[in-house]
Amino acid sequence: MRAKSCLQILFILCFCCPLSSSLAADEHRHKSQREKLEWKTGDRVVLIGNTFADQLRLYNYLETLLTSQASAKNITFRNLAWSGDTLNLRPRPLNFGSLDDHLHQQKADIIIACFGMNESFAGQNGLKEFSNSWEKFLNHLASQKYNGKSAPRIVLISPIAHENRGPPFPDPAAHNQSLSDYSQAMQAVAARHHLPFVDLFTKTKKLMDENPSQKLTRNGIHLNEYGYWALSQFVAGELLGKKIKSPQLMVDLADQKIQTTNAEILQQRFQPDKIQFTVKEKVLPIPAPPESTIVHSELLALQPRLTVKNLPAGNYRLLVNETRIAEASHNDWSRGLQLKNLPAQSRVTDLRATIERKNELFFYVYRAHNAEYIFGRRTKPFGAVSFPPEMQAFARLIQSRETNIKTQSQPEKESRWVLFKLE
């Protein structure tokens, strides 16, 4: 009997365990594959959700980064989010149309869904319903072909953590436990449906704990501009599957070598007190942080930077396209300087401004203040006569901005850098 048992155990170890390991490895590979968002040229990305998603149209750092850093080109964005929205409750004006109507109208290829903050206030009592609502919602989306060809690719983004703002704001401890539970529920649903999931709760909790002096929110649960700037880099990296980083250069005068990230050096010339080179950037830099903010060190390190080693003692000036960018001692250059006012940074600022205007124009169409005359109870006679041409005019203005966005999202051909010693 004992011998038989030993043989059984040996059989299990020899045959079942390798199979289990193989299955686990296959599951791990499958999970990695299914969580990666696929990007295609010409994708229409639609954002839906609560205040977090709604305010992305104003603080448009995420759209700027995705537009400029994605390998797929001609990606366009529409924001259908609405403050206060939940998975089950999305109040709209009379005759506004359903979410399906608007997703069909926008021909959505990718849907970025941001829910959970409003629902989290229900605590444990609402957690099961929240998960069930996600199941129904995702099953419904999977059955649709808003672009006329295929089901949308969907991303789930969790709510942020509740930031401790101190009195008179409430203690966020209990709510953060609820937010953690709801975020985990979203992650579980995403895993079951093989969908990408972005865990903003864990990321924001970490940033809030590391640098409490710089607040991410204006009231504990709604991000301020710095919060959107900081988190957009994380979200863009998760969605694109790469580290979002500005072009950075390291020059060693002794070895006469230039190392770069996200840029190419076309030509270079070294002299004892002068260095000249031409830079061709592969992507635009990360937009500069909002003014008067205490930037987290991990994010500051991702800004454009030039480091120059082994310079002779003295002060040096950097010119880019004959414009003064920075002046510092050889010791400062050796430690590396964050650069501001580069031509590429001006270009990304212009890109953001164009995206902001495009979003504003679309907002006037999607959330028109005079909705009663467009689709409400007063469409006839005046609305039916006046507003169709107006909507067509808005469409032309939006298309014009998107043409500009397409051009502005690409780096300029090259820039000429000169670092020389001051007398």
# chains A, B, ... in the order shown; residues from 1 in each chain; ligands from 1
>>> residues_around(residues="Gln105 of chain A", least_positions_apart="3", cutoff="9 Å", atoms="only C-alpha atoms", output="ChimeraX atom specification")
/A:100-102,108,146-147
>>> write_last_selection(atoms="C-alpha atoms", output="short mmCIF file (atom, residue, chain, number, x, y, z; two decimals), in the first residue's frame")
data_model
loop_
_atom_site.label_atom_id
_atom_site.label_comp_id
_atom_site.auth_asym_id
_atom_site.auth_seq_id
_atom_site.Cartn_x
_atom_site.Cartn_y
_atom_site.Cartn_z
CA ASP A 100 -24.60 54.21 -27.17
CA ASP A 101 -25.92 56.92 -29.50
CA HIS A 102 -22.91 59.13 -28.85
CA ALA A 108 -15.31 54.81 -30.91
CA TYR A 146 -19.44 51.63 -32.65
CA ASN A 147 -16.90 52.05 -35.45
#
>>> closest_atom_pairs(of="segment 306-335 of chain A", to="segment 232-254 of chain A", cutoff="12 Å", atoms="only C-alpha atoms", output="Markdown table")
| residue | atom | partner | partner_atom | distance |
| --- | --- | --- | --- | --- |
| A:Leu306 | CA | A:Leu249 | CA | 4.9 |
| A:Thr307 | CA | A:Met250 | CA | 4.6 |
| A:Val308 | CA | A:Val251 | CA | 4.6 |
| A:Lys309 | CA | A:Asp252 | CA | 4.7 |
| A:Asn310 | CA | A:Leu253 | CA | 5.6 |
| A:Leu311 | CA | A:Leu253 | CA | 6.4 |
| A:Pro312 | CA | A:Leu253 | CA | 9.2 |
| A:His330 | CA | A:Leu253 | CA | 11.5 |
| A:Trp333 | CA | A:Val251 | CA | 9.7 |
| A:Ser334 | CA | A:Val251 | CA | 9.1 |
| A:Arg335 | CA | A:Met250 | CA | 10.2 |
>>> residues_around(residues="segment 159-173 of chain A", least_positions_apart="4", cutoff="10 Å", atoms="only C-alpha atoms", output="number ranges by chain")
A: 50, 52, 114-120, 177-180, 182-183, 186, 198-209, 212, 215-223, 231
>>> select_by_dssp(residues="segment 82-331 of chain A", states="strand (DSSP E)", output="ChimeraX atom specification")
/A:110-114,153-157,197-198,248-252,257-261,263-271,274-281,305-309,315-320,323-329
>>> write_last_selection(atoms="C-alpha atoms", output="compact mmCIF listing (two decimals), in the first residue's frame")
# COMPACT_ATOMS: atom_id res chain seq x y z
CA ILE A 110 -11.00 52.74 -27.87
CA ILE A 111 -13.04 53.55 -24.76
CA ILE A 112 -11.27 54.76 -21.62
CA ALA A 113 -13.72 54.27 -18.76
CA CYS A 114 -13.17 56.12 -15.47
CA ARG A 153 -11.03 48.13 -27.09
CA ILE A 154 -11.67 49.11 -23.47
CA VAL A 155 -9.46 50.40 -20.67
CA LEU A 156 -10.53 50.65 -17.03
CA ILE A 157 -9.03 53.41 -14.89
CA PHE A 197 -6.45 48.27 -16.02
CA VAL A 198 -4.70 51.39 -14.69
CA GLN A 248 17.86 63.88 -22.49
CA LEU A 249 21.53 64.23 -23.37
CA MET A 250 24.79 63.36 -21.61
CA VAL A 251 28.04 64.71 -23.06
CA ASP A 252 31.51 63.61 -22.02
CA LYS A 257 30.83 61.10 -26.82
CA ILE A 258 27.16 62.13 -26.59
CA GLN A 259 24.57 59.73 -25.21
CA THR A 260 20.88 60.44 -25.75
CA THR A 261 17.41 59.17 -24.94
CA ALA A 263 16.89 61.77 -29.66
CA GLU A 264 19.58 61.28 -32.30
CA ILE A 265 22.83 63.22 -32.70
CA LEU A 266 23.40 63.96 -36.37
CA GLN A 267 26.75 65.74 -36.14
CA GLN A 268 29.07 66.90 -33.41
CA ARG A 269 32.22 68.96 -32.95
CA PHE A 270 34.36 69.12 -29.82
CA GLN A 271 36.72 71.93 -28.89
CA LYS A 274 33.14 74.75 -27.03
CA ILE A 275 30.85 71.87 -28.02
CA GLN A 276 28.55 71.93 -31.05
CA PHE A 277 26.07 69.28 -32.12
CA THR A 278 22.77 68.85 -33.95
CA VAL A 279 19.86 67.08 -32.28
CA LYS A 280 17.01 65.30 -34.01
CA GLU A 281 14.34 64.47 -31.44
CA ARG A 305 18.11 67.58 -19.20
CA LEU A 306 21.66 68.16 -20.38
CA THR A 307 24.65 66.78 -18.49
CA VAL A 308 28.22 67.65 -19.55
CA LYS A 309 31.17 65.90 -17.93
CA ASN A 315 30.99 79.29 -16.70
CA TYR A 316 29.25 78.05 -19.83
CA ARG A 317 26.26 79.20 -21.88
CA LEU A 318 23.96 76.95 -23.90
CA LEU A 319 22.41 78.22 -27.13
CA VAL A 320 19.80 76.23 -29.05
CA THR A 323 18.53 81.25 -28.43
CA ARG A 324 20.00 81.42 -24.93
CA ILE A 325 18.69 78.50 -22.88
CA ALA A 326 20.91 78.30 -19.77
CA GLU A 327 24.12 79.47 -18.11
CA ALA A 328 25.94 77.60 -15.36
CA SER A 329 29.32 76.63 -13.99
>>> closest_residue(among="A:Asn404, A:Asp181, A:Asn88, A:Ile75", to="Leu127 of chain A", atoms="only C-alpha atoms")
A:Asp181
>>> closest_residue(among="A:Arg367, A:Leu141, A:Leu37, A:Pro272", to="Gln256 of chain A", atoms="only C-alpha atoms")
A:Pro272
>>> residues_around(residues="Thr64 of chain A", least_positions_apart="3", cutoff="8 Å", atoms="only C-alpha atoms", output="list of chain:residue names")
A:Asn60, A:Tyr61, A:Thr67, A:Ser68, A:Val348, A:Leu351, A:Arg352, A:Ile355
>>> closest_residue(among="A:Gln214, A:Thr51, A:Thr403, A:Asn132", to="Ser292 of chain A", atoms="only C-alpha atoms")
A:Gln214
>>> residues_around(residues="Pro290 of chain A", least_positions_apart="5", cutoff="8 Å", atoms="only C-alpha atoms", output="count of residues only")
3
>>> select_by_dssp(residues="segment 257-363 of chain A", states="helix (DSSP H, G or I)", output="PyMOL selection string")
chain A and resi 297-300+330-335+343-363
>>> write_last_selection(atoms="N, CA and C atoms", output="JSON list (two decimals), in the first residue's frame")
[["chain", "number", "residue", "atom", "x", "y", "z"],
["A", 297, "SER", "N", 10.40, 64.20, -7.26],
["A", 297, "SER", "CA", 11.74, 63.99, -7.81],
["A", 297, "SER", "C", 11.73, 63.00, -8.97],
["A", 298, "GLU", "N", 10.91, 61.96, -8.89],
["A", 298, "GLU", "CA", 10.87, 60.97, -9.97],
["A", 298, "GLU", "C", 10.33, 61.57, -11.26],
["A", 299, "LEU", "N", 9.49, 62.60, -11.15],
["A", 299, "LEU", "CA", 8.95, 63.26, -12.33],
["A", 299, "LEU", "C", 9.88, 64.35, -12.84],
["A", 300, "LEU", "N", 10.56, 65.01, -11.92],
["A", 300, "LEU", "CA", 11.52, 66.03, -12.32],
["A", 300, "LEU", "C", 12.64, 65.41, -13.16],
["A", 330, "HIS", "N", 30.82, 74.87, -14.64],
["A", 330, "HIS", "CA", 31.17, 73.52, -15.09],
["A", 330, "HIS", "C", 30.70, 72.47, -14.09],
["A", 331, "ASN", "N", 30.70, 72.83, -12.78],
["A", 331, "ASN", "CA", 30.21, 71.88, -11.78],
["A", 331, "ASN", "C", 28.70, 71.62, -11.93],
["A", 332, "ASP", "N", 27.96, 72.69, -12.20],
["A", 332, "ASP", "CA", 26.51, 72.53, -12.39],
["A", 332, "ASP", "C", 26.20, 71.70, -13.64],
["A", 333, "TRP", "N", 26.94, 71.96, -14.71],
["A", 333, "TRP", "CA", 26.72, 71.17, -15.93],
["A", 333, "TRP", "C", 27.08, 69.71, -15.69],
["A", 334, "SER", "N", 28.07, 69.46, -14.87],
["A", 334, "SER", "CA", 28.47, 68.09, -14.58],
["A", 334, "SER", "C", 27.38, 67.32, -13.83],
["A", 335, "ARG", "N", 26.64, 68.05, -12.99],
["A", 335, "ARG", "CA", 25.53, 67.40, -12.25],
["A", 335, "ARG", "C", 24.30, 67.25, -13.12],
["A", 343, "PRO", "N", 13.13, 74.85, -28.01],
["A", 343, "PRO", "CA", 12.15, 74.93, -29.11],
["A", 343, "PRO", "C", 11.11, 73.81, -29.05],
["A", 344, "ALA", "N", 11.55, 72.61, -28.68],
["A", 344, "ALA", "CA", 10.61, 71.49, -28.59],
["A", 344, "ALA", "C", 9.59, 71.70, -27.47],
["A", 345, "GLN", "N", 10.00, 72.37, -26.39],
["A", 345, "GLN", "CA", 9.06, 72.66, -25.31],
["A", 345, "GLN", "C", 8.04, 73.71, -25.73],
["A", 346, "SER", "N", 8.47, 74.67, -26.52],
["A", 346, "SER", "CA", 7.52, 75.63, -27.08],
["A", 346, "SER", "C", 6.53, 74.94, -28.01],
["A", 347, "ARG", "N", 7.03, 73.96, -28.74],
["A", 347, "ARG", "CA", 6.16, 73.24, -29.67],
["A", 347, "ARG", "C", 5.10, 72.43, -28.91],
["A", 348, "VAL", "N", 5.50, 71.77, -27.83],
["A", 348, "VAL", "CA", 4.52, 70.99, -27.07],
["A", 348, "VAL", "C", 3.53, 71.91, -26.37],
["A", 349, "THR", "N", 3.95, 73.11, -26.00],
["A", 349, "THR", "CA", 3.02, 74.10, -25.43],
["A", 349, "THR", "C", 1.98, 74.52, -26.47],
["A", 350, "ASP", "N", 2.44, 74.73, -27.70],
["A", 350, "ASP", "CA", 1.51, 75.07, -28.78],
["A", 350, "ASP", "C", 0.55, 73.92, -29.06],
["A", 351, "LEU", "N", 1.07, 72.70, -29.00],
["A", 351, "LEU", "CA", 0.23, 71.52, -29.21],
["A", 351, "LEU", "C", -0.87, 71.46, -28.16],
["A", 352, "ARG", "N", -0.51, 71.69, -26.91],
["A", 352, "ARG", "CA", -1.51, 71.68, -25.84],
["A", 352, "ARG", "C", -2.57, 72.75, -26.06],
["A", 353, "ALA", "N", -2.15, 73.92, -26.51],
["A", 353, "ALA", "CA", -3.10, 75.00, -26.75],
["A", 353, "ALA", "C", -4.08, 74.64, -27.87],
["A", 354, "THR", "N", -3.60, 73.97, -28.90],
["A", 354, "THR", "CA", -4.48, 73.55, -29.99],
["A", 354, "THR", "C", -5.45, 72.48, -29.52],
["A", 355, "ILE", "N", -4.95, 71.53, -28.72],
["A", 355, "ILE", "CA", -5.83, 70.49, -28.17],
["A", 355, "ILE", "C", -6.89, 71.11, -27.27],
["A", 356, "GLU", "N", -6.49, 72.09, -26.46],
["A", 356, "GLU", "CA", -7.44, 72.75, -25.58],
["A", 356, "GLU", "C", -8.57, 73.41, -26.38],
["A", 357, "ARG", "N", -8.21, 74.09, -27.47],
["A", 357, "ARG", "CA", -9.22, 74.75, -28.29],
["A", 357, "ARG", "C", -10.11, 73.73, -28.98],
["A", 358, "LYS", "N", -9.53, 72.63, -29.47],
["A", 358, "LYS", "CA", -10.33, 71.58, -30.08],
["A", 358, "LYS", "C", -11.33, 71.00, -29.10],
["A", 359, "ASN", "N", -10.88, 70.75, -27.88],
["A", 359, "ASN", "CA", -11.77, 70.22, -26.84],
["A", 359, "ASN", "C", -12.88, 71.20, -26.49],
["A", 360, "GLU", "N", -12.53, 72.47, -26.47],
["A", 360, "GLU", "CA", -13.54, 73.50, -26.19],
["A", 360, "GLU", "C", -14.61, 73.52, -27.28],
["A", 361, "LEU", "N", -14.18, 73.45, -28.53],
["A", 361, "LEU", "CA", -15.14, 73.45, -29.63],
["A", 361, "LEU", "C", -16.05, 72.23, -29.57],
["A", 362, "PHE", "N", -15.47, 71.05, -29.27],
["A", 362, "PHE", "CA", -16.31, 69.86, -29.17],
["A", 362, "PHE", "C", -17.27, 69.96, -27.99],
["A", 363, "PHE", "N", -16.81, 70.57, -26.89],
["A", 363, "PHE", "CA", -17.68, 70.75, -25.73],
["A", 363, "PHE", "C", -18.91, 71.57, -26.09]]
>>> atom_distance(atom1="atom CA of Pro91 of chain A", atom2="atom CA of Trp134 of chain A")
18.2 Å
>>> closest_residue(among="A:Asn95, A:Ser150, A:Thr293, A:Asn176", to="Tyr373 of chain A", atoms="only C-alpha atoms")
A:Asn95
>>> decode(residues="segment 343-388 of chain A", atoms="N, CA and C atoms", output="PDB file, in the first residue's frame")
ATOM      1  N   PRO A 343      13.125  74.853 -28.013  1.00  0.00           N
ATOM      2  CA  PRO A 343      12.154  74.926 -29.113  1.00  0.00           C
ATOM      3  C   PRO A 343      11.114  73.806 -29.047  1.00  0.00           C
ATOM      4  N   ALA A 344      11.551  72.607 -28.678  1.00  0.00           N
ATOM      5  CA  ALA A 344      10.609  71.488 -28.591  1.00  0.00           C
ATOM      6  C   ALA A 344       9.589  71.704 -27.475  1.00  0.00           C
ATOM      7  N   GLN A 345      10.001  72.369 -26.389  1.00  0.00           N
ATOM      8  CA  GLN A 345       9.061  72.659 -25.307  1.00  0.00           C
ATOM      9  C   GLN A 345       8.039  73.706 -25.734  1.00  0.00           C
ATOM     10  N   SER A 346       8.470  74.668 -26.525  1.00  0.00           N
ATOM     11  CA  SER A 346       7.518  75.635 -27.077  1.00  0.00           C
ATOM     12  C   SER A 346       6.531  74.940 -28.006  1.00  0.00           C
ATOM     13  N   ARG A 347       7.031  73.964 -28.743  1.00  0.00           N
ATOM     14  CA  ARG A 347       6.162  73.239 -29.667  1.00  0.00           C
ATOM     15  C   ARG A 347       5.104  72.428 -28.914  1.00  0.00           C
ATOM     16  N   VAL A 348       5.498  71.775 -27.827  1.00  0.00           N
ATOM     17  CA  VAL A 348       4.521  70.992 -27.073  1.00  0.00           C
ATOM     18  C   VAL A 348       3.528  71.907 -26.366  1.00  0.00           C
ATOM     19  N   THR A 349       3.948  73.114 -25.995  1.00  0.00           N
ATOM     20  CA  THR A 349       3.016  74.099 -25.427  1.00  0.00           C
ATOM     21  C   THR A 349       1.981  74.518 -26.467  1.00  0.00           C
ATOM     22  N   ASP A 350       2.438  74.734 -27.703  1.00  0.00           N
ATOM     23  CA  ASP A 350       1.505  75.072 -28.784  1.00  0.00           C
ATOM     24  C   ASP A 350       0.554  73.918 -29.064  1.00  0.00           C
ATOM     25  N   LEU A 351       1.073  72.698 -29.000  1.00  0.00           N
ATOM     26  CA  LEU A 351       0.228  71.521 -29.207  1.00  0.00           C
ATOM     27  C   LEU A 351      -0.872  71.462 -28.159  1.00  0.00           C
ATOM     28  N   ARG A 352      -0.507  71.695 -26.906  1.00  0.00           N
ATOM     29  CA  ARG A 352      -1.512  71.684 -25.835  1.00  0.00           C
ATOM     30  C   ARG A 352      -2.568  72.754 -26.061  1.00  0.00           C
ATOM     31  N   ALA A 353      -2.155  73.919 -26.515  1.00  0.00           N
ATOM     32  CA  ALA A 353      -3.097  75.002 -26.753  1.00  0.00           C
ATOM     33  C   ALA A 353      -4.083  74.639 -27.866  1.00  0.00           C
ATOM     34  N   THR A 354      -3.596  73.971 -28.895  1.00  0.00           N
ATOM     35  CA  THR A 354      -4.480  73.555 -29.990  1.00  0.00           C
ATOM     36  C   THR A 354      -5.448  72.479 -29.516  1.00  0.00           C
ATOM     37  N   ILE A 355      -4.949  71.535 -28.723  1.00  0.00           N
ATOM     38  CA  ILE A 355      -5.828  70.493 -28.172  1.00  0.00           C
ATOM     39  C   ILE A 355      -6.886  71.111 -27.269  1.00  0.00           C
ATOM     40  N   GLU A 356      -6.489  72.085 -26.464  1.00  0.00           N
ATOM     41  CA  GLU A 356      -7.441  72.753 -25.577  1.00  0.00           C
ATOM     42  C   GLU A 356      -8.569  73.408 -26.377  1.00  0.00           C
ATOM     43  N   ARG A 357      -8.206  74.086 -27.466  1.00  0.00           N
ATOM     44  CA  ARG A 357      -9.219  74.746 -28.293  1.00  0.00           C
ATOM     45  C   ARG A 357     -10.110  73.726 -28.983  1.00  0.00           C
ATOM     46  N   LYS A 358      -9.528  72.635 -29.471  1.00  0.00           N
ATOM     47  CA  LYS A 358     -10.329  71.580 -30.085  1.00  0.00           C
ATOM     48  C   LYS A 358     -11.331  71.001 -29.099  1.00  0.00           C
ATOM     49  N   ASN A 359     -10.884  70.752 -27.876  1.00  0.00           N
ATOM     50  CA  ASN A 359     -11.773  70.215 -26.842  1.00  0.00           C
ATOM     51  C   ASN A 359     -12.877  71.204 -26.492  1.00  0.00           C
ATOM     52  N   GLU A 360     -12.535  72.472 -26.474  1.00  0.00           N
ATOM     53  CA  GLU A 360     -13.536  73.500 -26.189  1.00  0.00           C
ATOM     54  C   GLU A 360     -14.610  73.523 -27.277  1.00  0.00           C
ATOM     55  N   LEU A 361     -14.181  73.450 -28.526  1.00  0.00           N
ATOM     56  CA  LEU A 361     -15.140  73.454 -29.633  1.00  0.00           C
ATOM     57  C   LEU A 361     -16.054  72.232 -29.573  1.00  0.00           C
ATOM     58  N   PHE A 362     -15.470  71.055 -29.273  1.00  0.00           N
ATOM     59  CA  PHE A 362     -16.313  69.862 -29.168  1.00  0.00           C
ATOM     60  C   PHE A 362     -17.268  69.956 -27.990  1.00  0.00           C
ATOM     61  N   PHE A 363     -16.812  70.571 -26.893  1.00  0.00           N
ATOM     62  CA  PHE A 363     -17.679  70.747 -25.730  1.00  0.00           C
ATOM     63  C   PHE A 363     -18.910  71.572 -26.090  1.00  0.00           C
ATOM     64  N   TYR A 364     -18.725  72.593 -26.925  1.00  0.00           N
ATOM     65  CA  TYR A 364     -19.862  73.424 -27.343  1.00  0.00           C
ATOM     66  C   TYR A 364     -20.886  72.626 -28.139  1.00  0.00           C
ATOM     67  N   VAL A 365     -20.422  71.583 -28.809  1.00  0.00           N
ATOM     68  CA  VAL A 365     -21.336  70.733 -29.571  1.00  0.00           C
ATOM     69  C   VAL A 365     -21.979  69.681 -28.667  1.00  0.00           C
ATOM     70  N   TYR A 366     -21.156  69.004 -27.899  1.00  0.00           N
ATOM     71  CA  TYR A 366     -21.634  67.895 -27.070  1.00  0.00           C
ATOM     72  C   TYR A 366     -22.451  68.377 -25.877  1.00  0.00           C
ATOM     73  N   ARG A 367     -22.052  69.482 -25.276  1.00  0.00           N
ATOM     74  CA  ARG A 367     -22.722  69.986 -24.069  1.00  0.00           C
ATOM     75  C   ARG A 367     -23.279  71.392 -24.319  1.00  0.00           C
ATOM     76  N   ALA A 368     -23.937  71.580 -25.427  1.00  0.00           N
ATOM     77  CA  ALA A 368     -24.424  72.906 -25.817  1.00  0.00           C
ATOM     78  C   ALA A 368     -25.360  73.490 -24.753  1.00  0.00           C
ATOM     79  N   HIS A 369     -25.136  74.774 -24.418  1.00  0.00           N
ATOM     80  CA  HIS A 369     -25.981  75.428 -23.418  1.00  0.00           C
ATOM     81  C   HIS A 369     -27.406  75.628 -23.915  1.00  0.00           C
ATOM     82  N   ASN A 370     -27.571  75.832 -25.215  1.00  0.00           N
ATOM     83  CA  ASN A 370     -28.906  76.047 -25.771  1.00  0.00           C
ATOM     84  C   ASN A 370     -29.471  74.751 -26.342  1.00  0.00           C
ATOM     85  N   ALA A 371     -29.363  73.684 -25.557  1.00  0.00           N
ATOM     86  CA  ALA A 371     -29.755  72.361 -26.017  1.00  0.00           C
ATOM     87  C   ALA A 371     -31.245  72.282 -26.377  1.00  0.00           C
ATOM     88  N   GLU A 372     -32.072  73.090 -25.738  1.00  0.00           N
ATOM     89  CA  GLU A 372     -33.507  73.065 -26.030  1.00  0.00           C
ATOM     90  C   GLU A 372     -33.776  73.370 -27.496  1.00  0.00           C
ATOM     91  N   TYR A 373     -32.924  74.200 -28.103  1.00  0.00           N
ATOM     92  CA  TYR A 373     -33.118  74.586 -29.501  1.00  0.00           C
ATOM     93  C   TYR A 373     -32.407  73.647 -30.467  1.00  0.00           C
ATOM     94  N   ILE A 374     -31.539  72.769 -29.942  1.00  0.00           N
ATOM     95  CA  ILE A 374     -30.782  71.865 -30.800  1.00  0.00           C
ATOM     96  C   ILE A 374     -31.434  70.486 -30.865  1.00  0.00           C
ATOM     97  N   PHE A 375     -31.775  69.919 -29.694  1.00  0.00           N
ATOM     98  CA  PHE A 375     -32.412  68.600 -29.687  1.00  0.00           C
ATOM     99  C   PHE A 375     -33.556  68.519 -28.683  1.00  0.00           C
ATOM    100  N   GLY A 376     -33.900  69.651 -28.050  1.00  0.00           N
ATOM    101  CA  GLY A 376     -34.941  69.639 -27.028  1.00  0.00           C
ATOM    102  C   GLY A 376     -36.317  69.963 -27.582  1.00  0.00           C
ATOM    103  N   ARG A 377     -37.105  70.700 -26.792  1.00  0.00           N
ATOM    104  CA  ARG A 377     -38.509  70.943 -27.135  1.00  0.00           C
ATOM    105  C   ARG A 377     -38.714  72.141 -28.055  1.00  0.00           C
ATOM    106  N   ARG A 378     -37.647  72.863 -28.374  1.00  0.00           N
ATOM    107  CA  ARG A 378     -37.796  74.055 -29.207  1.00  0.00           C
ATOM    108  C   ARG A 378     -36.988  73.947 -30.498  1.00  0.00           C
ATOM    109  N   THR A 379     -36.843  72.749 -30.982  1.00  0.00           N
ATOM    110  CA  THR A 379     -36.071  72.584 -32.212  1.00  0.00           C
ATOM    111  C   THR A 379     -36.811  73.154 -33.426  1.00  0.00           C
ATOM    112  N   LYS A 380     -38.131  73.228 -33.340  1.00  0.00           N
ATOM    113  CA  LYS A 380     -38.908  73.752 -34.463  1.00  0.00           C
ATOM    114  C   LYS A 380     -39.670  74.994 -34.013  1.00  0.00           C
ATOM    115  N   PRO A 381     -39.694  76.043 -34.861  1.00  0.00           N
ATOM    116  CA  PRO A 381     -39.110  76.056 -36.209  1.00  0.00           C
ATOM    117  C   PRO A 381     -37.656  76.533 -36.240  1.00  0.00           C
ATOM    118  N   PHE A 382     -37.257  77.340 -35.231  1.00  0.00           N
ATOM    119  CA  PHE A 382     -35.973  78.040 -35.374  1.00  0.00           C
ATOM    120  C   PHE A 382     -34.774  77.121 -35.225  1.00  0.00           C
ATOM    121  N   GLY A 383     -34.841  76.190 -34.275  1.00  0.00           N
ATOM    122  CA  GLY A 383     -33.699  75.319 -34.085  1.00  0.00           C
ATOM    123  C   GLY A 383     -33.425  74.462 -35.295  1.00  0.00           C
ATOM    124  N   ALA A 384     -34.499  73.939 -35.914  1.00  0.00           N
ATOM    125  CA  ALA A 384     -34.334  73.077 -37.079  1.00  0.00           C
ATOM    126  C   ALA A 384     -33.734  73.829 -38.256  1.00  0.00           C
ATOM    127  N   VAL A 385     -33.914  75.143 -38.266  1.00  0.00           N
ATOM    128  CA  VAL A 385     -33.398  75.963 -39.366  1.00  0.00           C
ATOM    129  C   VAL A 385     -31.983  76.451 -39.082  1.00  0.00           C
ATOM    130  N   SER A 386     -31.751  76.879 -37.832  1.00  0.00           N
ATOM    131  CA  SER A 386     -30.505  77.586 -37.504  1.00  0.00           C
ATOM    132  C   SER A 386     -29.352  76.671 -37.149  1.00  0.00           C
ATOM    133  N   PHE A 387     -29.605  75.596 -36.445  1.00  0.00           N
ATOM    134  CA  PHE A 387     -28.491  74.884 -35.820  1.00  0.00           C
ATOM    135  C   PHE A 387     -27.803  73.827 -36.676  1.00  0.00           C
ATOM    136  N   PRO A 388     -28.450  73.167 -37.623  1.00  0.00           N
ATOM    137  CA  PRO A 388     -27.669  72.239 -38.469  1.00  0.00           C
ATOM    138  C   PRO A 388     -26.477  72.901 -39.158  1.00  0.00           C
TER     139      PRO A 388
END
